[in-house]
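Data from run05.pdb: PDB, C-alpha atoms
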ATOM      1  CA  MET A   1     116.353  71.186 148.723
ATOM      2  CA  GLN A   2     113.641  73.589 147.724
ATOM      3  CA  GLY A   3     114.511  77.093 146.551
ATOM      4  CA  LYS A   4     113.659  80.082 148.672
ATOM      5  CA  ARG A   5     110.497  81.965 147.804
ATOM      6  CA  THR A   6     109.971  85.671 148.279
ATOM      7  CA  VAL A   7     106.719  86.497 150.019
ATOM      8  CA  PHE A   8     105.214  89.995 150.027
ATOM      9  CA  PRO A   9     103.110  90.414 153.150
ATOM     10  CA  ASN A  10     101.430  93.520 151.773
ATOM     11  CA  LYS A  11      98.634  92.360 149.451
ATOM     12  CA  VAL A  12      98.114  95.856 148.034
ATOM     13  CA  LEU A  13     101.730  96.237 146.818
ATOM     14  CA  PRO A  14     101.373  94.068 143.657
ATOM     15  CA  TYR A  15      98.422  96.138 142.508
ATOM     16  CA  LEU A  16     100.306  99.352 143.176
ATOM     17  CA  LEU A  17     103.204  98.088 141.040
ATOM     18  CA  LEU A  18     100.790  97.232 138.220
ATOM     19  CA  LEU A  19      98.905 100.523 138.491
ATOM     20  CA  PRO A  20     101.146 102.608 136.159
ATOM     21  CA  GLN A  21     100.947 100.013 133.362
ATOM     22  CA  LEU A  22      97.213  99.584 133.854
ATOM     23  CA  ALA A  23      96.740 103.348 133.714
ATOM     24  CA  VAL A  24      98.686 103.608 130.455
ATOM     25  CA  THR A  25      96.722 100.710 128.952
ATOM     26  CA  ILE A  26      93.369 102.189 129.934
ATOM     27  CA  VAL A  27      94.123 105.782 128.923
ATOM     28  CA  PHE A  28      95.955 105.139 125.652
ATOM     29  CA  PHE A  29      94.438 101.832 124.459
ATOM     30  CA  LEU A  30      91.139 100.786 126.010
ATOM     31  CA  TRP A  31      89.549 104.228 126.255
ATOM     32  CA  PRO A  32      90.366 105.262 122.631
ATOM     33  CA  ALA A  33      89.145 101.865 121.415
ATOM     34  CA  ALA A  34      85.864 102.318 123.284
ATOM     35  CA  GLN A  35      85.497 105.834 121.893
ATOM     36  CA  ALA A  36      86.081 104.592 118.340
ATOM     37  CA  PHE A  37      83.558 101.807 118.810
ATOM     38  CA  TRP A  38      80.922 104.266 120.044
ATOM     39  CA  SER A  39      81.696 106.771 117.251
ATOM     40  CA  SER A  40      81.259 104.069 114.622
ATOM     41  CA  PHE A  41      77.511 104.099 115.346
ATOM     42  CA  GLN A  42      77.250 107.860 114.951
ATOM     43  CA  ARG A  43      77.235 110.353 112.117
ATOM     44  CA  GLU A  44      78.807 113.693 112.889
ATOM     45  CA  ASP A  45      79.158 116.794 110.775
ATOM     46  CA  ALA A  46      82.621 118.082 109.894
ATOM     47  CA  PHE A  47      82.515 120.797 112.578
ATOM     48  CA  GLY A  48      81.209 118.582 115.391
ATOM     49  CA  PHE A  49      78.057 120.624 115.999
ATOM     50  CA  LYS A  50      75.590 117.781 115.447
ATOM     51  CA  THR A  51      75.791 114.058 116.118
ATOM     52  CA  THR A  52      73.206 111.493 115.029
ATOM     53  CA  PHE A  53      73.002 107.896 116.185
ATOM     54  CA  VAL A  54      72.680 105.823 112.994
ATOM     55  CA  TRP A  55      73.151 102.267 114.302
ATOM     56  CA  PHE A  56      74.930 100.126 111.645
ATOM     57  CA  ALA A  57      74.536 102.569 108.742
ATOM     58  CA  ASN A  58      78.268 103.352 108.663
ATOM     59  CA  TYR A  59      79.122  99.653 108.408
ATOM     60  CA  THR A  60      76.565  98.825 105.709
ATOM     61  CA  LYS A  61      77.661 101.825 103.687
ATOM     62  CA  LEU A  62      81.282 100.711 103.873
ATOM     63  CA  PHE A  63      80.658  97.217 102.508
ATOM     64  CA  ALA A  64      78.650  98.723  99.650
ATOM     65  CA  ASP A  65      81.459 101.150  98.792
ATOM     66  CA  PRO A  66      83.708  99.893  95.951
ATOM     67  CA  VAL A  67      86.527 102.166  97.123
ATOM     68  CA  TYR A  68      86.566 100.503 100.547
ATOM     69  CA  LEU A  69      86.428  97.027  99.006
ATOM     70  CA  ASN A  70      89.366  97.980  96.790
ATOM     71  CA  SER A  71      91.305  99.080  99.892
ATOM     72  CA  PHE A  72      90.488  95.712 101.454
ATOM     73  CA  ARG A  73      91.894  93.867  98.424
ATOM     74  CA  THR A  74      94.957  96.122  98.375
ATOM     75  CA  THR A  75      95.579  95.418 102.061
ATOM     76  CA  VAL A  76      95.493  91.650 101.504
ATOM     77  CA  ILE A  77      97.994  91.840  98.635
ATOM     78  CA  PHE A  78     100.247  94.274 100.457
ATOM     79  CA  SER A  79     100.228  92.370 103.758
ATOM     80  CA  LEU A  80     100.978  89.007 102.159
ATOM     81  CA  ALA A  81     103.783  90.442 100.041
ATOM     82  CA  VAL A  82     105.445  92.308 102.914
ATOM     83  CA  SER A  83     105.123  89.446 105.404
ATOM     84  CA  LEU A  84     106.425  86.729 103.066
ATOM     85  CA  LEU A  85     109.269  88.805 101.640
ATOM     86  CA  SER A  86     110.472  90.176 104.970
ATOM     87  CA  LEU A  87     110.394  86.740 106.607
ATOM     88  CA  GLY A  88     112.037  84.975 103.675
ATOM     89  CA  ILE A  89     114.826  87.504 103.189
ATOM     90  CA  ALA A  90     115.490  87.794 106.918
ATOM     91  CA  LEU A  91     115.769  84.013 107.269
ATOM     92  CA  LEU A  92     118.137  83.839 104.297
ATOM     93  CA  LEU A  93     120.339  86.597 105.740
ATOM     94  CA  ALA A  94     120.315  85.003 109.193
ATOM     95  CA  VAL A  95     121.441  81.660 107.801
ATOM     96  CA  ALA A  96     124.176  83.402 105.829
ATOM     97  CA  ALA A  97     125.315  85.342 108.922
ATOM     98  CA  THR A  98     125.636  82.189 111.023
ATOM     99  CA  ARG A  99     127.961  80.688 108.419
ATOM    100  CA  MET A 100     130.266  83.748 108.415
ATOM    101  CA  LEU A 101     132.241  83.071 111.567
ATOM    102  CA  ARG A 102     134.783  85.878 111.387
ATOM    103  CA  SER A 103     132.667  88.762 110.100
ATOM    104  CA  SER A 104     129.273  87.726 111.478
ATOM    105  CA  ARG A 105     129.159  90.579 114.027
ATOM    106  CA  ILE A 106     129.906  93.248 111.431
ATOM    107  CA  TYR A 107     127.479  91.647 109.007
ATOM    108  CA  SER A 108     124.755  91.467 111.638
ATOM    109  CA  THR A 109     125.278  95.084 112.722
ATOM    110  CA  LEU A 110     124.904  96.361 109.156
ATOM    111  CA  ILE A 111     121.653  94.444 108.712
ATOM    112  CA  VAL A 112     120.204  95.615 112.038
ATOM    113  CA  TRP A 113     120.786  99.323 111.338
ATOM    114  CA  PRO A 114     117.632  99.858 109.216
ATOM    115  CA  TYR A 115     115.489  98.916 112.224
ATOM    116  CA  ALA A 116     116.476 102.228 113.850
ATOM    117  CA  VAL A 117     115.095 104.180 110.882
ATOM    118  CA  ALA A 118     111.608 105.632 111.324
ATOM    119  CA  PRO A 119     108.957 104.386 108.850
ATOM    120  CA  ALA A 120     108.518 107.861 107.333
ATOM    121  CA  ILE A 121     112.283 108.202 106.809
ATOM    122  CA  ALA A 122     112.411 104.756 105.200
ATOM    123  CA  GLY A 123     109.605 105.780 102.849
ATOM    124  CA  ILE A 124     111.342 109.025 101.874
ATOM    125  CA  LEU A 125     114.614 107.180 101.304
ATOM    126  CA  TRP A 126     113.060 104.731  98.833
ATOM    127  CA  TRP A 127     110.992 107.537  97.284
ATOM    128  CA  PHE A 128     114.226 109.328  96.377
ATOM    129  CA  LEU A 129     115.842 106.145  95.063
ATOM    130  CA  PHE A 130     112.870 105.373  92.785
ATOM    131  CA  ASN A 131     111.990 108.972  91.879
ATOM    132  CA  PRO A 132     111.417 109.098  88.093
ATOM    133  CA  SER A 133     113.371 112.363  87.772
ATOM    134  CA  ILE A 134     116.284 112.096  90.216
ATOM    135  CA  GLY A 135     116.249 108.516  91.500
ATOM    136  CA  ILE A 136     119.333 106.404  90.827
ATOM    137  CA  ILE A 137     117.348 103.154  90.710
ATOM    138  CA  ALA A 138     114.814 104.645  88.298
ATOM    139  CA  TYR A 139     117.740 105.784  86.112
ATOM    140  CA  VAL A 140     119.251 102.284  86.107
ATOM    141  CA  LEU A 141     115.875 100.759  85.251
ATOM    142  CA  ARG A 142     115.509 103.112  82.286
ATOM    143  CA  ARG A 143     118.914 101.969  81.054
ATOM    144  CA  PHE A 144     117.470  98.453  80.936
ATOM    145  CA  GLY A 145     114.384  99.622  79.068
ATOM    146  CA  ILE A 146     112.022  99.744  82.066
ATOM    147  CA  ASP A 147     110.055 102.982  82.204
ATOM    148  CA  TRP A 148     109.585 103.256  85.972
ATOM    149  CA  ASN A 149     107.120 105.846  87.239
ATOM    150  CA  HIS A 150     105.302 105.094  90.476
ATOM    151  CA  LEU A 151     103.538 108.452  90.263
ATOM    152  CA  VAL A 152     101.263 107.226  87.462
ATOM    153  CA  ASP A 153     101.651 103.434  87.350
ATOM    154  CA  PRO A 154      99.703 101.569  90.077
ATOM    155  CA  ASN A 155     101.885  98.451  89.789
ATOM    156  CA  ASP A 156     105.077 100.463  90.204
ATOM    157  CA  ALA A 157     103.590 102.224  93.223
ATOM    158  CA  MET A 158     102.660  98.933  94.877
ATOM    159  CA  ILE A 159     106.127  97.518  94.244
ATOM    160  CA  LEU A 160     107.674 100.633  95.784
ATOM    161  CA  VAL A 161     105.678 100.506  99.035
ATOM    162  CA  VAL A 162     106.246  96.748  99.352
ATOM    163  CA  ILE A 163     110.013  97.209  98.948
ATOM    164  CA  ALA A 164     110.131 100.083 101.453
ATOM    165  CA  ALA A 165     107.982  98.289 104.060
ATOM    166  CA  THR A 166     109.890  95.015 103.621
ATOM    167  CA  TRP A 167     113.284  96.714 103.957
ATOM    168  CA  LYS A 168     112.126  98.356 107.183
ATOM    169  CA  GLN A 169     110.988  95.035 108.726
ATOM    170  CA  ILE A 170     113.846  92.739 107.674
ATOM    171  CA  SER A 171     116.089  93.852 110.545
ATOM    172  CA  TYR A 172     113.498  92.963 113.186
ATOM    173  CA  ASN A 173     112.952  89.506 111.733
ATOM    174  CA  PHE A 174     116.688  89.011 111.313
ATOM    175  CA  LEU A 175     117.357  89.547 115.024
ATOM    176  CA  PHE A 176     114.903  86.836 116.059
ATOM    177  CA  PHE A 177     116.018  84.377 113.394
ATOM    178  CA  MET A 178     119.646  84.879 114.422
ATOM    179  CA  ALA A 179     118.786  84.194 118.060
ATOM    180  CA  GLY A 180     116.813  81.106 117.044
ATOM    181  CA  LEU A 181     119.609  79.743 114.871
ATOM    182  CA  GLN A 182     122.231  80.270 117.556
ATOM    183  CA  SER A 183     120.118  78.316 120.063
ATOM    184  CA  ILE A 184     120.040  75.188 117.866
ATOM    185  CA  PRO A 185     122.696  72.659 118.986
ATOM    186  CA  HIS A 186     125.373  72.092 116.358
ATOM    187  CA  SER A 187     125.489  68.422 117.340
ATOM    188  CA  LEU A 188     122.174  67.860 115.552
ATOM    189  CA  GLU A 189     123.542  69.198 112.274
ATOM    190  CA  GLU A 190     126.781  67.279 112.685
ATOM    191  CA  ALA A 191     124.887  64.031 113.296
ATOM    192  CA  ALA A 192     122.753  64.625 110.192
ATOM    193  CA  ALA A 193     125.862  65.422 108.146
ATOM    194  CA  ILE A 194     127.470  62.172 109.296
ATOM    195  CA  ASP A 195     124.334  60.331 108.151
ATOM    196  CA  GLY A 196     124.803  61.833 104.691
ATOM    197  CA  ALA A 197     122.250  64.667 104.740
ATOM    198  CA  GLY A 198     123.241  67.630 102.589
ATOM    199  CA  PRO A 199     122.972  71.312 103.629
ATOM    200  CA  THR A 200     119.549  71.748 102.032
ATOM    201  CA  LYS A 201     118.103  68.629 103.615
ATOM    202  CA  ARG A 202     119.595  69.525 107.018
ATOM    203  CA  PHE A 203     117.967  72.936 106.843
ATOM    204  CA  TRP A 204     114.452  71.740 105.959
ATOM    205  CA  THR A 205     114.407  68.655 108.206
ATOM    206  CA  ILE A 206     116.281  69.948 111.280
ATOM    207  CA  ILE A 207     116.869  73.700 111.377
ATOM    208  CA  PHE A 208     113.592  75.006 109.996
ATOM    209  CA  PRO A 209     111.348  72.796 112.183
ATOM    210  CA  LEU A 210     113.286  73.903 115.253
ATOM    211  CA  LEU A 211     112.750  77.513 114.181
ATOM    212  CA  SER A 212     108.981  77.054 114.020
ATOM    213  CA  PRO A 213     108.278  78.863 117.353
ATOM    214  CA  THR A 214     110.272  81.881 116.158
ATOM    215  CA  THR A 215     108.668  81.761 112.728
ATOM    216  CA  PHE A 216     105.190  81.557 114.231
ATOM    217  CA  TYR A 217     105.824  84.546 116.484
ATOM    218  CA  LEU A 218     107.194  86.588 113.586
ATOM    219  CA  MET A 219     104.215  85.679 111.403
ATOM    220  CA  VAL A 220     101.878  87.273 113.946
ATOM    221  CA  ILE A 221     104.097  90.338 114.357
ATOM    222  CA  ASN A 222     104.551  90.845 110.614
ATOM    223  CA  VAL A 223     100.823  90.677 109.877
ATOM    224  CA  VAL A 224     100.179  93.346 112.515
ATOM    225  CA  TYR A 225     103.091  95.404 111.179
ATOM    226  CA  ALA A 226     101.868  95.261 107.580
ATOM    227  CA  MET A 227      98.336  96.292 108.527
ATOM    228  CA  PHE A 228      99.168  99.041 111.043
ATOM    229  CA  ASP A 229     102.791 100.196 111.210
ATOM    230  CA  THR A 230     103.245 100.762 107.475
ATOM    231  CA  PHE A 231     101.152 103.937 107.503
ATOM    232  CA  GLY A 232     104.268 106.130 107.662
ATOM    233  CA  VAL A 233     105.885 104.307 104.753
ATOM    234  CA  ILE A 234     102.852 104.716 102.488
ATOM    235  CA  HIS A 235     102.234 108.314 103.499
ATOM    236  CA  ALA A 236     105.830 109.264 102.713
ATOM    237  CA  THR A 237     106.028 107.454  99.371
ATOM    238  CA  THR A 238     102.708 107.406  97.518
ATOM    239  CA  GLU A 239     100.076 108.874  99.895
ATOM    240  CA  GLY A 240      97.799 106.030  98.839
ATOM    241  CA  GLY A 241      98.048 106.807  95.126
ATOM    242  CA  PRO A 242      98.020 106.752  92.236
ATOM    243  CA  ALA A 243      94.239 106.398  91.981
ATOM    244  CA  ARG A 244      94.221 104.825  95.481
ATOM    245  CA  ALA A 245      96.235 101.844  94.229
ATOM    246  CA  THR A 246      98.273 101.730  97.472
ATOM    247  CA  GLU A 247      95.556 102.863  99.880
ATOM    248  CA  ILE A 248      95.467 100.112 102.484
ATOM    249  CA  LEU A 249      92.842 100.023 105.239
ATOM    250  CA  VAL A 250      94.839 101.896 107.866
ATOM    251  CA  TYR A 251      95.598 104.690 105.413
ATOM    252  CA  LYS A 252      91.938 104.949 104.410
ATOM    253  CA  VAL A 253      91.045 105.351 108.090
ATOM    254  CA  TYR A 254      93.364 108.361 108.220
ATOM    255  CA  PHE A 255      92.225 109.791 104.882
ATOM    256  CA  ASP A 256      88.499 109.594 105.631
ATOM    257  CA  GLY A 257      88.855 110.751 109.231
ATOM    258  CA  PHE A 258      91.491 113.492 109.082
ATOM    259  CA  VAL A 259      91.239 114.640 105.470
ATOM    260  CA  GLY A 260      87.618 113.916 104.598
ATOM    261  CA  LEU A 261      86.406 114.600 108.188
ATOM    262  CA  ASN A 262      83.983 111.667 107.942
ATOM    263  CA  LEU A 263      84.506 110.636 111.545
ATOM    264  CA  GLY A 264      81.748 108.007 111.749
ATOM    265  CA  SER A 265      82.953 106.099 108.713
ATOM    266  CA  SER A 266      86.569 106.381 109.841
ATOM    267  CA  ALA A 267      85.675 104.989 113.276
ATOM    268  CA  ALA A 268      83.773 102.095 111.692
ATOM    269  CA  GLN A 269      86.777 101.311 109.505
ATOM    270  CA  SER A 270      89.094 101.290 112.521
ATOM    271  CA  VAL A 271      86.761  98.891 114.356
ATOM    272  CA  ILE A 272      86.654  96.571 111.335
ATOM    273  CA  LEU A 273      90.435  96.701 111.003
ATOM    274  CA  MET A 274      90.869  95.906 114.698
ATOM    275  CA  ALA A 275      88.447  92.976 114.369
ATOM    276  CA  ILE A 276      90.354  91.655 111.337
ATOM    277  CA  VAL A 277      93.687  91.724 113.152
ATOM    278  CA  ILE A 278      92.208  90.075 116.259
ATOM    279  CA  GLY A 279      90.572  87.412 114.079
ATOM    280  CA  LEU A 280      93.799  86.677 112.211
ATOM    281  CA  THR A 281      95.703  86.430 115.482
ATOM    282  CA  VAL A 282      93.143  84.015 116.928
ATOM    283  CA  VAL A 283      93.289  81.863 113.787
ATOM    284  CA  GLN A 284      97.074  81.788 113.913
ATOM    285  CA  PHE A 285      97.178  80.795 117.569
ATOM    286  CA  ARG A 286      94.353  78.262 117.263
ATOM    287  CA  TRP A 287      95.281  76.434 114.055
ATOM    288  CA  VAL A 288      98.737  77.478 112.853
ATOM    289  CA  GLU A 289     100.330  77.022 116.277
ATOM    290  CA  ARG A 290      99.400  73.327 116.190
ATOM    291  CA  ARG A 291     102.153  72.816 113.615
ATOM    292  CA  VAL A 292     104.714  74.560 115.813
ATOM    293  CA  GLN A 293     107.239  72.249 117.455
ATOM    294  CA  TYR A 294     108.313  73.513 120.873
TER     295      TYR A 294
END
Taking this structure as input, can you express it in the form of structure tokens?
Amino acid sequence: MQGKRTVFPNKVLPYLLLLPQLAVTIVFFLWPAAQAFWSSFQREDAFGFKTTFVWFANYTKLFADPVYLNSFRTTVIFSLAVSLLSLGIALLLAVAATRMLRSSRIYSTLIVWPYAVAPAIAGILWWFLFNPSIGIIAYVLRRFGIDWNHLVDPNDAMILVVIAATWKQISYNFLFFMAGLQSIPHSLEEAAAIDGAGPTKRFWTIIFPLLSPTTFYLMVINVVYAMFDTFGVIHATTEGGPARATEILVYKVYFDGFVGLNLGSSAAQSVILMAIVIGLTVVQFRWVERRVQY
């Protein structure tokens, strides 16, 4: 017996239902992207009185700028560190939560809480904890002979923003890993245990391969998060310093556009950043997804 199908006789109704979402997408996404793309070929003075069409001059100038190339290198290091740490820690916590039968709900709730914290608040929180003058973690580090000062040390500053951004993202990854782990049949683990496979072998040969769709999805999300959504964290902790050691690409777009008022260069940087993220996403879906087991 075939299931009943709902038929809408009005052919205009589906488009009317999609109209609000299409309007939001066009007004807040497509139109600003088109404006940025057009502005990237222009050079405008700080007061907006004169605009000159300069073709690809903004792009060529960027790739000859050592400051921009340094921001590119910083973004690669920062994105890899945040993505790997947040995924690894979240997976470890999710596995631990599934083994705690009685207190798993309380444990899960405590881990999920940081996801409700805004990026700027997360940055300020870790800024206070690592503050060289009043921070409790900086005080403990000094007791162990580590002179922590992210205000002057570029390595300390990078570690601080990585910790803050990772802490903010762990909760999101944890939710998806928990859902993925709970969907895996326990009979598979029990059969492997009967065959003599230990916990480590069961995880890498059964659980982790079955989590590959979730892991793949989170890889894409975490790369986008590290390159875009960490602006608030960096602005609240280091403001790209010291000596631009933590100035990733998205922060340089803001600094050149809103602080330096170099709108053409800022627009070109945003176009390049958008192209990088789209390229990484295409690569992940085209080649990495082949290893995913659905």
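The residues caught by the PyMOL selection byres ((chain A and resi 222-228) around 8) in this file are A:Thr75, A:Phe78, A:Ser79, A:Leu80, A:Val82, A:Ser83, A:Ala165, A:Gln169, A:Leu218, A:Met219, A:Val220, A:Ile221, A:Asp229, A:Thr230, A:Phe231, A:Ile248, A:Leu249, A:Val250, A:Val277.
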| Residue members of the PyMOL selection byres ((chain A and resi 118) around 12) in the file shown, as number ranges by chain | A: 113-117, 119-125, 164-165, 167-169, 229-233, 236
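Applied to this file, the PyMOL selection byres ((chain A and resi 46-61) around 7) selects Ser40, Phe41, Gln42, Arg43, Glu44, Asp45, Leu62, Phe63, Ala64, Asp65, Leu261, Asn262, Gly264, Ser265 and Ala268 of chain A.
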Expected file contents, prior selection, C-alpha atoms, as an mmCIF file, in the frame of the given file:
data_model
loop_
_atom_site.group_PDB
_atom_site.id
_atom_site.type_symbol
_atom_site.label_atom_id
_atom_site.label_comp_id
_atom_site.auth_asym_id
_atom_site.auth_seq_id
_atom_site.Cartn_x
_atom_site.Cartn_y
_atom_site.Cartn_z
ATOM 1 C CA SER A 40 81.259 104.069 114.622
ATOM 2 C CA PHE A 41 77.511 104.099 115.346
ATOM 3 C CA GLN A 42 77.250 107.860 114.951
ATOM 4 C CA ARG A 43 77.235 110.353 112.117
ATOM 5 C CA GLU A 44 78.807 113.693 112.889
ATOM 6 C CA ASP A 45 79.158 116.794 110.775
ATOM 7 C CA LEU A 62 81.282 100.711 103.873
ATOM 8 C CA PHE A 63 80.658 97.217 102.508
ATOM 9 C CA ALA A 64 78.650 98.723 99.650
ATOM 10 C CA ASP A 65 81.459 101.150 98.792
ATOM 11 C CA LEU A 261 86.406 114.600 108.188
ATOM 12 C CA ASN A 262 83.983 111.667 107.942
ATOM 13 C CA GLY A 264 81.748 108.007 111.749
ATOM 14 C CA SER A 265 82.953 106.099 108.713
ATOM 15 C CA ALA A 268 83.773 102.095 111.692
#
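For the residues A:Gly198, A:Gly241, A:Pro132, A:Gly180, ranking by smallest atom-to-atom distance to Trp148 of chain A using only C-alpha atoms places A:Pro132 first.
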| request: Using all atoms listed in the file, pick whichever of A:Ile136, A:Ala33, A:Leu87, A:Ala191 has the shortest atom-to-atom distance to Ala275 of chain A. | output: A:Ala33
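Take the candidates A:Ala157, A:Val95, A:Val112, A:Leu280 and check each one against Pro199 of chain A using all atoms listed in the file; the shortest distance goes to A:Val95.
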